[in-house]
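The next block holds one structure in the form of structure tokens; read it before the comments.
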Amino acid sequence: MSLPFLRPSSLPRPSTIRQFLRATNTRTYSTPSTPSTPEPTTSTPSPINASTKPYRVLLSPSNQYPVYQISKRGGNKHETKIKNIQGDVQALRSDLQELLSEEGKEKVDVMLKNSNGQLVVK
């Protein structure tokens with residue numbers, strides 16, 4: 001008895017395989033461990049730098065920052081777009097303006113696109 005409709009017509013795309021493998025590799029399975037005596041802990045600061053900023057820029061699905069350089073007007077006008085901002089976008093805008101104006105010694109225009117929560121740096 002042959003069921004050809006259950007067979008895939010072609011191989012899956014490489015991106016589908018990578019996504020499936022990434023999802024299976026991130027899962028961790030716990031095994032029952034033997035009871036042990038708890039070790040005394042010291043109150044040393046952890047090496048992870050916990051940011052106290054009210055905003056975060058989330059990584060894209062390809063684990064890169066969503067920062068894009070855009071050229072307009074035939075390449076004469078250059079802009080940088082920042083996407084996937086979570087939290088207080090106005091605070092990130094003001095921090096970027098301060099940081100970039102200190103480096104270049106000139107006023108940098110950082111605009112907020114309210115419709116989609118993206119920042120555009122001119």
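We label chains A, B, ... in the order they appear in the structure tokens, count residues from 1 in each chain, and number ligands from 1 in the order shown.
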Hey, what's within 6 Å of Ile82 in chain A if we count only C-alpha atoms and toss same-chain stuff fewer than 4 positions away? As a list in words, please?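 Contacts, with the query itself left out: Pro66, Val67, Gln118 and Leu119 of chain A.
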I'd like the contact shell of Leu96 in chain A - 10 Å cut-off, only C-alpha atoms, skipping same-chain residues fewer than 6 positions apart - returned as a list in words.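 Counting only the stated atoms, we get Gln90, Glu102, Val108, Asp109, Val110, Leu119 and Val121 of chain A.
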I need the chosen residues saved as a compact mmCIF listing (two decimals), in the first residue's frame, with N, CA and C atoms.
```
# COMPACT_ATOMS: atom_id res chain seq x y z
N GLN A 90 12.49 57.04 23.55
CA GLN A 90 12.94 58.43 23.71
C GLN A 90 14.27 58.51 24.47
N GLU A 102 28.94 64.36 20.92
CA GLU A 102 30.24 64.49 21.60
C GLU A 102 31.38 64.05 20.71
N VAL A 108 23.81 66.06 15.63
CA VAL A 108 23.37 64.91 14.85
C VAL A 108 21.86 64.81 15.02
N ASP A 109 21.15 64.60 13.90
CA ASP A 109 19.71 64.53 13.93
C ASP A 109 19.28 63.06 14.08
N VAL A 110 18.63 62.75 15.20
CA VAL A 110 18.10 61.41 15.46
C VAL A 110 16.58 61.55 15.51
N LEU A 119 14.33 54.22 14.98
CA LEU A 119 15.12 55.43 15.02
C LEU A 119 15.88 55.59 13.72
N VAL A 121 18.98 57.88 12.10
CA VAL A 121 20.09 58.79 12.41
C VAL A 121 20.58 59.36 11.09
```
Ranking A:His78, A:Lys113, A:Lys83, A:Arg73 by minimum distance to Leu59 in chain A and counting only C-alpha atoms, which one comes first?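 Between A:His78, A:Lys113, A:Lys83, A:Arg73, the residue approaching Leu59 in chain A most closely is A:Lys83.
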